[in-house]
Amino acid sequence: MNRLIICFLAIFSYSLLSCDKFLDVEVPDKLVHDEYWQNREQVLASRNGMYATLHNNINIFQVWGDIRSSLYTPGPGSSFSNDYRQFMVHDIYPTNGLVRWASVYTGINWINSFIKNAPTALQNDQTFKESELQMFMGEAYALRALNYFYLIRAFKEVPIMEEPYESDAQIFNTAAHAEEEVLNFIEKDLEKALANTASDFENINDRFGRITKNAVRAIWADVKLWRNQYQESLELCESLEDYKSKLVDPQDWFSIFNPGNSSESIFEYQYLQTGFYSPIYGWFANFQPTSAGAKYLANSINIEIDGLELYPPQDLINWSADTIRLKNYAAFNMTPVNYSAGSGYEIYKMTGQTPYVPSYRPSGGRNMNYIFYRYREILFIEAEALAQLGRYAEAEERINLIRKHCDIPALTPGAMGTDVEFMRFLLMEREFELGFEGKEWFAAVRIARRPGMESVLLEKTAENNSLKIQYQVIKARLLNSESWFLPYHETEIENNKALIQKDYYKNK
């Protein structure tokens, strides 16, 4: 039995936990190939499997995209291992288990199998319509693009796998492709996805949990910003402007996270009560005795420095355990969590069920969705693109729209400055709104790669390190921009003879 089949069976075993049809998964591998892809129901089950593979990767997506930002400090939970610590001190080795990408390529392989084989069902099932198949195919292309977009932001150069692994006779020794080549591949997939995905769904779990045209536009705007194609990014953002009227009012801000699927949401992985168990509560819950301790806490050094710059002094008395909005309506007043290794603030938005009193999610209500895109991030993408085009007043308008919906005073014109100062300010605003949602390291790297912007990442990361590693040490580790991207895991190099370790990591 080849490795692909083992992976698929593992995913299938997870799916048995679910009795919701959205997560029913079957196994389209060579053991059943002659009997599979015969009808609509089998294609539908395999489509659901493509989404289910996201669940297996949410932890590493969070690690790759976020925990190297200055937002995090380790919690007292036993799940925080040395692998996580390497990320937070910016000293990552090719032996670190968190740089393994095998599960992401397993998900890509599932998608490749779907793209190759799903059309055959049309020949065998007259109830299966071409229009429905094309919609499913659009979802597949978008999910493949999303997976590759995580890979490219984490590693910069990665192999492109376009054909499914269906036989032990196949040999995939594939060198890493250049970043631009992978990004071109991603955009081709997004183009196909936009042409074929649905505009909306009636079922709420489908509306927010399946790829729609707006989800494709959100991913694509993000890709364009990564490529510094600012006008193209803005055009995609503008196609999402209907969400402006759907922004959650300040008093309802907490509903973005509990119960989730808010009116401003674009794409969330759906953690249904009968499906997979969401890891998010376990990452952030710290209260005793019903929790073993959080894996992550909020870095108090970062919060206090940023808060003093962003908010008037009189507002600081209302700092909240939420760490993001600094207001009582968003959560209850925060108190540091003290433990043997240090202290930090609990991230209440991920664990609470109400914004007004300290009330944690009950044991039967902890399946918080994982938010991939919500409209406030699109506003930040717009602001960043506008600033790069020198349109600073318009960029500040986007920030003020977010502030308005958080009941926070608007910025005075020009308050964010220009150039490096603006981007530094933008990152702080992003952290207070989007913090701990999985992308703030990616945002810092994207900005720092632009000419003259290196200090935006270097200074902030080195000054605010939660583990109190000396400023000079952190800065030295980050001076080479290759350190901003991850090494290839030693196992991946052993399994793929064409994959060569990056020069920066060869002697580690």
# chains A, B, ... in the order shown; residues from 1 in each chain; ligands from 1
>>> residues_around(residues="Phe155 in chain A", least_positions_apart="2", cutoff="12 Å", atoms="only C-alpha atoms", output="number ranges by chain")
A: 64-65, 99-101, 148-153, 157-159, 176-179, 182, 442, 445, 481-489, 501-502
>>> residues_around(residues="range 361-366 of chain A", least_positions_apart="5", cutoff="8 Å", atoms="only C-alpha atoms", output="list of chain:residue names")
A:Gln273, A:Ser278, A:Tyr281, A:Thr351, A:Gly352, A:Gln353
>>> residues_around(residues="His405 in chain A", least_positions_apart="6", cutoff="12 Å", atoms="only C-alpha atoms", output="PyMOL selection string")
chain A and resi 244-254+264+325+330+375-376+398-399+433
>>> closest_residue(among="A:Ser70, A:Val89, A:Glu396, A:Glu382", to="Gln470 in chain A", atoms="only C-alpha atoms")
A:Val89
>>> residues_around(residues="Ser113 in chain A", least_positions_apart="2", cutoff="9 Å", atoms="only C-alpha atoms", output="ChimeraX atom specification")
/A:28-29,108-111,115-118,163-166
>>> closest_residue(among="A:Ala218, A:Ala443, A:Leu225, A:Ile58", to="Tyr370 in chain A", atoms="only C-alpha atoms")
A:Ile58
>>> residues_around(residues="range 295-298 of chain A", least_positions_apart="2", cutoff="9 Å", atoms="only C-alpha atoms", output="PDB file with N, CA and C atoms, in the first residue's frame")
ATOM      1  N   ILE A  67       3.032  32.798  14.123  1.00  0.00           N
ATOM      2  CA  ILE A  67       3.628  32.792  15.461  1.00  0.00           C
ATOM      3  C   ILE A  67       5.033  33.395  15.515  1.00  0.00           C
ATOM      4  N   SER A  70       5.410  39.368  16.458  1.00  0.00           N
ATOM      5  CA  SER A  70       5.674  39.754  17.846  1.00  0.00           C
ATOM      6  C   SER A  70       4.428  39.690  18.717  1.00  0.00           C
ATOM      7  N   LEU A  71       3.338  39.161  18.184  1.00  0.00           N
ATOM      8  CA  LEU A  71       2.101  39.029  18.952  1.00  0.00           C
ATOM      9  C   LEU A  71       2.179  37.964  20.034  1.00  0.00           C
ATOM     10  N   TYR A  72       2.985  36.943  19.836  1.00  0.00           N
ATOM     11  CA  TYR A  72       2.876  35.724  20.624  1.00  0.00           C
ATOM     12  C   TYR A  72       3.912  35.624  21.739  1.00  0.00           C
ATOM     13  N   THR A  73       3.484  34.981  22.821  1.00  0.00           N
ATOM     14  CA  THR A  73       4.408  34.474  23.825  1.00  0.00           C
ATOM     15  C   THR A  73       3.945  33.059  24.154  1.00  0.00           C
ATOM     16  N   PRO A  74       4.848  32.161  24.516  1.00  0.00           N
ATOM     17  CA  PRO A  74       4.402  30.805  24.820  1.00  0.00           C
ATOM     18  C   PRO A  74       3.555  30.765  26.078  1.00  0.00           C
ATOM     19  N   GLY A  75       2.548  29.931  26.053  1.00  0.00           N
ATOM     20  CA  GLY A  75       1.738  29.704  27.241  1.00  0.00           C
ATOM     21  C   GLY A  75       2.300  28.571  28.073  1.00  0.00           C
ATOM     22  N   PRO A  76       1.653  28.274  29.192  1.00  0.00           N
ATOM     23  CA  PRO A  76       2.145  27.215  30.073  1.00  0.00           C
ATOM     24  C   PRO A  76       1.743  25.814  29.646  1.00  0.00           C
ATOM     25  N   GLY A  77       0.987  25.686  28.556  1.00  0.00           N
ATOM     26  CA  GLY A  77       0.508  24.376  28.135  1.00  0.00           C
ATOM     27  C   GLY A  77       1.627  23.459  27.671  1.00  0.00           C
ATOM     28  N   SER A  78       1.456  22.180  27.891  1.00  0.00           N
ATOM     29  CA  SER A  78       2.478  21.190  27.546  1.00  0.00           C
ATOM     30  C   SER A  78       2.625  21.006  26.047  1.00  0.00           C
ATOM     31  N   SER A  79       1.642  21.469  25.262  1.00  0.00           N
ATOM     32  CA  SER A  79       1.719  21.289  23.806  1.00  0.00           C
ATOM     33  C   SER A  79       2.703  22.249  23.153  1.00  0.00           C
ATOM     34  N   PHE A  80       3.213  23.220  23.907  1.00  0.00           N
ATOM     35  CA  PHE A  80       4.213  24.139  23.363  1.00  0.00           C
ATOM     36  C   PHE A  80       5.580  23.483  23.478  1.00  0.00           C
ATOM     37  N   GLY A 282      -8.169  24.992  22.181  1.00  0.00           N
ATOM     38  CA  GLY A 282      -7.026  24.411  22.884  1.00  0.00           C
ATOM     39  C   GLY A 282      -5.753  25.225  22.747  1.00  0.00           C
ATOM     40  N   TRP A 283      -5.616  25.952  21.629  1.00  0.00           N
ATOM     41  CA  TRP A 283      -4.430  26.800  21.469  1.00  0.00           C
ATOM     42  C   TRP A 283      -4.414  27.934  22.481  1.00  0.00           C
ATOM     43  N   PHE A 284      -5.598  28.494  22.770  1.00  0.00           N
ATOM     44  CA  PHE A 284      -5.650  29.771  23.475  1.00  0.00           C
ATOM     45  C   PHE A 284      -6.281  29.729  24.863  1.00  0.00           C
ATOM     46  N   ALA A 285      -7.013  28.666  25.217  1.00  0.00           N
ATOM     47  CA  ALA A 285      -7.677  28.634  26.515  1.00  0.00           C
ATOM     48  C   ALA A 285      -6.666  28.341  27.619  1.00  0.00           C
ATOM     49  N   ASN A 286      -6.735  29.115  28.668  1.00  0.00           N
ATOM     50  CA  ASN A 286      -5.751  28.952  29.743  1.00  0.00           C
ATOM     51  C   ASN A 286      -6.362  28.774  31.128  1.00  0.00           C
ATOM     52  N   GLY A 293      -3.884  24.482  30.089  1.00  0.00           N
ATOM     53  CA  GLY A 293      -2.997  25.626  29.867  1.00  0.00           C
ATOM     54  C   GLY A 293      -2.846  25.915  28.398  1.00  0.00           C
ATOM     55  N   SER A 300       2.656  40.604  26.070  1.00  0.00           N
ATOM     56  CA  SER A 300       2.295  41.852  26.728  1.00  0.00           C
ATOM     57  C   SER A 300       3.218  42.997  26.329  1.00  0.00           C
ATOM     58  N   ILE A 301       4.479  42.699  26.027  1.00  0.00           N
ATOM     59  CA  ILE A 301       5.416  43.748  25.608  1.00  0.00           C
ATOM     60  C   ILE A 301       4.912  44.408  24.333  1.00  0.00           C
ATOM     61  N   ASN A 302       4.531  43.593  23.365  1.00  0.00           N
ATOM     62  CA  ASN A 302       4.051  44.092  22.078  1.00  0.00           C
ATOM     63  C   ASN A 302       2.764  44.888  22.258  1.00  0.00           C
ATOM     64  N   ILE A 303       1.831  44.347  23.021  1.00  0.00           N
ATOM     65  CA  ILE A 303       0.531  44.995  23.194  1.00  0.00           C
ATOM     66  C   ILE A 303       0.677  46.371  23.828  1.00  0.00           C
ATOM     67  N   THR A 323      -7.154  41.755  23.753  1.00  0.00           N
ATOM     68  CA  THR A 323      -5.879  42.286  23.280  1.00  0.00           C
ATOM     69  C   THR A 323      -5.987  42.992  21.936  1.00  0.00           C
ATOM     70  N   VAL A 337      -1.523  36.378  32.699  1.00  0.00           N
ATOM     71  CA  VAL A 337      -1.378  34.989  33.140  1.00  0.00           C
ATOM     72  C   VAL A 337       0.078  34.799  33.537  1.00  0.00           C
ATOM     73  N   SER A 343       4.912  35.602  31.608  1.00  0.00           N
ATOM     74  CA  SER A 343       3.507  35.987  31.686  1.00  0.00           C
ATOM     75  C   SER A 343       3.047  36.506  30.333  1.00  0.00           C
ATOM     76  N   GLY A 344       1.747  36.523  30.152  1.00  0.00           N
ATOM     77  CA  GLY A 344       1.158  37.029  28.920  1.00  0.00           C
ATOM     78  C   GLY A 344      -0.329  37.184  29.118  1.00  0.00           C
ATOM     79  N   TYR A 345      -1.010  37.695  28.118  1.00  0.00           N
ATOM     80  CA  TYR A 345      -2.445  37.904  28.206  1.00  0.00           C
ATOM     81  C   TYR A 345      -3.177  36.811  27.448  1.00  0.00           C
ATOM     82  N   GLU A 346      -4.274  36.360  28.025  1.00  0.00           N
ATOM     83  CA  GLU A 346      -5.083  35.350  27.355  1.00  0.00           C
ATOM     84  C   GLU A 346      -5.839  35.986  26.194  1.00  0.00           C
ATOM     85  N   ILE A 347      -5.979  35.249  25.103  1.00  0.00           N
ATOM     86  CA  ILE A 347      -6.660  35.756  23.914  1.00  0.00           C
ATOM     87  C   ILE A 347      -8.122  35.364  24.000  1.00  0.00           C
ATOM     88  N   PHE A 436      -3.773  36.987  15.881  1.00  0.00           N
ATOM     89  CA  PHE A 436      -3.957  35.576  16.215  1.00  0.00           C
ATOM     90  C   PHE A 436      -4.866  34.852  15.219  1.00  0.00           C
ATOM     91  N   SER A 466       9.062  38.216  22.771  1.00  0.00           N
ATOM     92  CA  SER A 466       8.405  37.844  24.025  1.00  0.00           C
ATOM     93  C   SER A 466       9.269  36.973  24.919  1.00  0.00           C
TER      94      SER A 466
END
>>> select_by_dssp(residues="range 253-475 of chain A", states="strand (DSSP E)", output="NGL selection string")
:A and (265-269 or 296-298 or 337-339 or 342-344 or 370-374)
>>> select_by_dssp(residues="range 359-497 of chain A", states="alpha helix (DSSP H)", output="short mmCIF file (atom, residue, chain, number, x, y, z; two decimals) with N, CA and C atoms, in the first residue's frame")
data_model
loop_
_atom_site.label_atom_id
_atom_site.label_comp_id
_atom_site.auth_asym_id
_atom_site.auth_seq_id
_atom_site.Cartn_x
_atom_site.Cartn_y
_atom_site.Cartn_z
N TYR A 375 -13.99 40.57 5.78
CA TYR A 375 -13.88 41.80 5.00
C TYR A 375 -12.92 42.82 5.60
N ARG A 376 -12.75 42.83 6.91
CA ARG A 376 -11.82 43.82 7.47
C ARG A 376 -10.39 43.57 7.00
N GLU A 377 -10.05 42.33 6.72
CA GLU A 377 -8.73 42.09 6.14
C GLU A 377 -8.65 42.66 4.73
N ILE A 378 -9.74 42.58 3.99
CA ILE A 378 -9.75 43.17 2.64
C ILE A 378 -9.52 44.68 2.73
N LEU A 379 -10.10 45.33 3.73
CA LEU A 379 -9.88 46.76 3.91
C LEU A 379 -8.41 47.05 4.21
N PHE A 380 -7.77 46.19 4.98
CA PHE A 380 -6.33 46.36 5.24
C PHE A 380 -5.51 46.14 3.96
N ILE A 381 -5.91 45.16 3.16
CA ILE A 381 -5.23 44.94 1.88
C ILE A 381 -5.36 46.18 1.00
N GLU A 382 -6.56 46.76 0.95
CA GLU A 382 -6.77 48.00 0.19
C GLU A 382 -5.89 49.12 0.72
N ALA A 383 -5.87 49.28 2.04
CA ALA A 383 -5.09 50.37 2.63
C ALA A 383 -3.62 50.24 2.28
N GLU A 384 -3.10 49.02 2.33
CA GLU A 384 -1.69 48.80 2.01
C GLU A 384 -1.40 49.10 0.55
N ALA A 385 -2.27 48.64 -0.33
CA ALA A 385 -2.08 48.89 -1.76
C ALA A 385 -2.19 50.38 -2.07
N LEU A 386 -3.17 51.05 -1.49
CA LEU A 386 -3.33 52.49 -1.73
C LEU A 386 -2.11 53.26 -1.26
N ALA A 387 -1.58 52.90 -0.09
CA ALA A 387 -0.40 53.58 0.42
C ALA A 387 0.79 53.39 -0.49
N GLN A 388 0.94 52.18 -1.05
CA GLN A 388 2.05 51.92 -1.96
C GLN A 388 1.92 52.72 -3.25
N TYR A 392 -2.38 58.06 0.34
CA TYR A 392 -2.41 57.86 1.79
C TYR A 392 -3.74 58.26 2.41
N ALA A 393 -4.35 59.34 1.93
CA ALA A 393 -5.63 59.76 2.50
C ALA A 393 -6.70 58.68 2.32
N GLU A 394 -6.73 58.06 1.12
CA GLU A 394 -7.68 56.98 0.88
C GLU A 394 -7.36 55.76 1.74
N ALA A 395 -6.08 55.51 1.93
CA ALA A 395 -5.68 54.38 2.78
C ALA A 395 -6.17 54.59 4.21
N GLU A 396 -6.01 55.81 4.72
CA GLU A 396 -6.49 56.09 6.08
C GLU A 396 -8.00 55.98 6.20
N GLU A 397 -8.71 56.26 5.10
CA GLU A 397 -10.16 56.09 5.11
C GLU A 397 -10.53 54.64 5.41
N ARG A 398 -9.78 53.70 4.85
CA ARG A 398 -10.06 52.27 5.10
C ARG A 398 -9.79 51.93 6.56
N ILE A 399 -8.72 52.46 7.11
CA ILE A 399 -8.42 52.20 8.52
C ILE A 399 -9.50 52.80 9.41
N ASN A 400 -9.95 53.99 9.07
CA ASN A 400 -10.98 54.64 9.88
C ASN A 400 -12.32 53.93 9.79
N LEU A 401 -12.60 53.30 8.66
CA LEU A 401 -13.84 52.52 8.55
C LEU A 401 -13.80 51.35 9.53
N ILE A 402 -12.65 50.71 9.63
CA ILE A 402 -12.49 49.62 10.61
C ILE A 402 -12.63 50.16 12.02
N ARG A 403 -11.97 51.27 12.30
CA ARG A 403 -12.05 51.87 13.64
C ARG A 403 -13.49 52.25 13.99
N LYS A 404 -14.22 52.79 13.04
CA LYS A 404 -15.61 53.16 13.28
C LYS A 404 -16.42 51.96 13.74
N ASP A 419 5.25 56.23 3.75
CA ASP A 419 6.39 55.34 3.52
C ASP A 419 6.54 54.33 4.66
N VAL A 420 7.75 54.22 5.23
CA VAL A 420 8.02 53.23 6.27
C VAL A 420 7.14 53.47 7.49
N GLU A 421 6.97 54.73 7.87
CA GLU A 421 6.16 55.04 9.05
C GLU A 421 4.73 54.54 8.87
N PHE A 422 4.17 54.73 7.68
CA PHE A 422 2.80 54.26 7.43
C PHE A 422 2.72 52.74 7.58
N MET A 423 3.68 52.03 6.99
CA MET A 423 3.62 50.57 7.01
C MET A 423 3.82 50.03 8.43
N ARG A 424 4.64 50.69 9.19
CA ARG A 424 4.81 50.29 10.58
C ARG A 424 3.51 50.47 11.36
N PHE A 425 2.85 51.58 11.13
CA PHE A 425 1.56 51.87 11.76
C PHE A 425 0.51 50.87 11.30
N LEU A 426 0.52 50.57 10.00
CA LEU A 426 -0.45 49.63 9.43
C LEU A 426 -0.33 48.26 10.09
N LEU A 427 0.89 47.78 10.29
CA LEU A 427 1.07 46.48 10.92
C LEU A 427 0.50 46.47 12.34
N MET A 428 0.68 47.55 13.07
CA MET A 428 0.12 47.61 14.42
C MET A 428 -1.40 47.59 14.38
N GLU A 429 -1.99 48.35 13.45
CA GLU A 429 -3.45 48.33 13.31
C GLU A 429 -3.95 46.94 12.93
N ARG A 430 -3.24 46.29 12.03
CA ARG A 430 -3.61 44.92 11.64
C ARG A 430 -3.59 44.00 12.85
N GLU A 431 -2.54 44.11 13.66
CA GLU A 431 -2.41 43.20 14.80
C GLU A 431 -3.57 43.37 15.77
N PHE A 432 -4.00 44.60 16.01
CA PHE A 432 -5.08 44.80 16.96
C PHE A 432 -6.42 44.34 16.42
N GLU A 433 -6.59 44.30 15.10
CA GLU A 433 -7.84 43.81 14.53
C GLU A 433 -7.78 42.34 14.16
N LEU A 434 -6.70 41.90 13.52
CA LEU A 434 -6.63 40.55 12.96
C LEU A 434 -5.71 39.63 13.76
N GLU A 440 -0.15 37.39 10.40
CA GLU A 440 0.57 38.63 10.66
C GLU A 440 2.07 38.54 10.36
N TRP A 441 2.66 37.36 10.45
CA TRP A 441 4.05 37.21 10.01
C TRP A 441 4.13 37.36 8.49
N PHE A 442 3.20 36.73 7.78
CA PHE A 442 3.17 36.88 6.33
C PHE A 442 3.06 38.35 5.94
N ALA A 443 2.21 39.11 6.65
CA ALA A 443 2.04 40.53 6.33
C ALA A 443 3.34 41.30 6.54
N ALA A 444 4.04 41.00 7.64
CA ALA A 444 5.30 41.70 7.93
C ALA A 444 6.35 41.37 6.88
N VAL A 445 6.43 40.11 6.45
CA VAL A 445 7.40 39.71 5.43
C VAL A 445 7.07 40.37 4.10
N ARG A 446 5.79 40.38 3.75
CA ARG A 446 5.38 41.00 2.48
C ARG A 446 5.83 42.45 2.41
N ILE A 447 5.64 43.18 3.49
CA ILE A 447 6.03 44.60 3.52
C ILE A 447 7.55 44.74 3.53
N ALA A 448 8.22 43.94 4.35
CA ALA A 448 9.68 44.08 4.53
C ALA A 448 10.46 43.74 3.27
N GLU A 454 12.86 47.02 5.05
CA GLU A 454 13.32 45.94 5.92
C GLU A 454 13.14 46.25 7.40
N SER A 455 13.30 47.52 7.76
CA SER A 455 13.24 47.89 9.18
C SER A 455 11.86 47.65 9.79
N VAL A 456 10.82 47.63 8.96
CA VAL A 456 9.47 47.40 9.47
C VAL A 456 9.40 46.06 10.18
N LEU A 457 10.06 45.06 9.61
CA LEU A 457 10.10 43.74 10.24
C LEU A 457 11.21 43.64 11.28
N LEU A 458 12.40 44.11 10.93
CA LEU A 458 13.57 43.91 11.80
C LEU A 458 13.39 44.58 13.15
N GLU A 459 13.01 45.85 13.15
CA GLU A 459 12.94 46.58 14.41
C GLU A 459 11.81 46.06 15.30
N LYS A 460 10.65 45.88 14.71
CA LYS A 460 9.50 45.44 15.49
C LYS A 460 9.73 44.06 16.10
N THR A 461 10.25 43.13 15.31
CA THR A 461 10.44 41.77 15.79
C THR A 461 11.55 41.70 16.83
N ALA A 462 12.62 42.43 16.59
CA ALA A 462 13.75 42.37 17.52
C ALA A 462 13.45 43.11 18.83
N GLU A 463 12.71 44.21 18.76
CA GLU A 463 12.42 44.99 19.96
C GLU A 463 11.40 44.30 20.86
N TYR A 471 17.97 41.99 21.71
CA TYR A 471 17.67 42.68 20.47
C TYR A 471 18.70 42.38 19.38
N GLN A 472 19.98 42.44 19.74
CA GLN A 472 21.04 42.23 18.75
C GLN A 472 21.01 40.81 18.19
N VAL A 473 20.64 39.84 19.03
CA VAL A 473 20.61 38.44 18.60
C VAL A 473 19.49 38.23 17.58
N ILE A 474 18.28 38.70 17.90
CA ILE A 474 17.16 38.54 16.99
C ILE A 474 17.43 39.28 15.68
N LYS A 475 17.93 40.49 15.78
CA LYS A 475 18.19 41.26 14.56
C LYS A 475 19.22 40.58 13.68
N ALA A 476 20.26 40.01 14.30
CA ALA A 476 21.29 39.31 13.53
C ALA A 476 20.70 38.11 12.79
N ARG A 477 19.78 37.41 13.45
CA ARG A 477 19.16 36.24 12.82
C ARG A 477 18.27 36.62 11.65
N LEU A 478 17.77 37.85 11.64
CA LEU A 478 16.82 38.26 10.61
C LEU A 478 17.43 39.15 9.53
N GLU A 490 14.32 17.91 6.61
CA GLU A 490 15.29 16.90 6.16
C GLU A 490 14.61 15.68 5.55
N THR A 491 13.43 15.33 6.05
CA THR A 491 12.71 14.17 5.50
C THR A 491 12.22 14.45 4.08
N GLU A 492 11.80 15.69 3.82
CA GLU A 492 11.35 16.03 2.47
C GLU A 492 12.51 15.92 1.48
N ILE A 493 13.70 16.30 1.91
CA ILE A 493 14.88 16.21 1.03
C ILE A 493 15.27 14.75 0.80
N GLU A 494 15.14 13.93 1.84
CA GLU A 494 15.43 12.50 1.69
C GLU A 494 14.46 11.84 0.72
N ASN A 495 13.19 12.25 0.76
CA ASN A 495 12.17 11.61 -0.08
C ASN A 495 12.16 12.15 -1.50
#
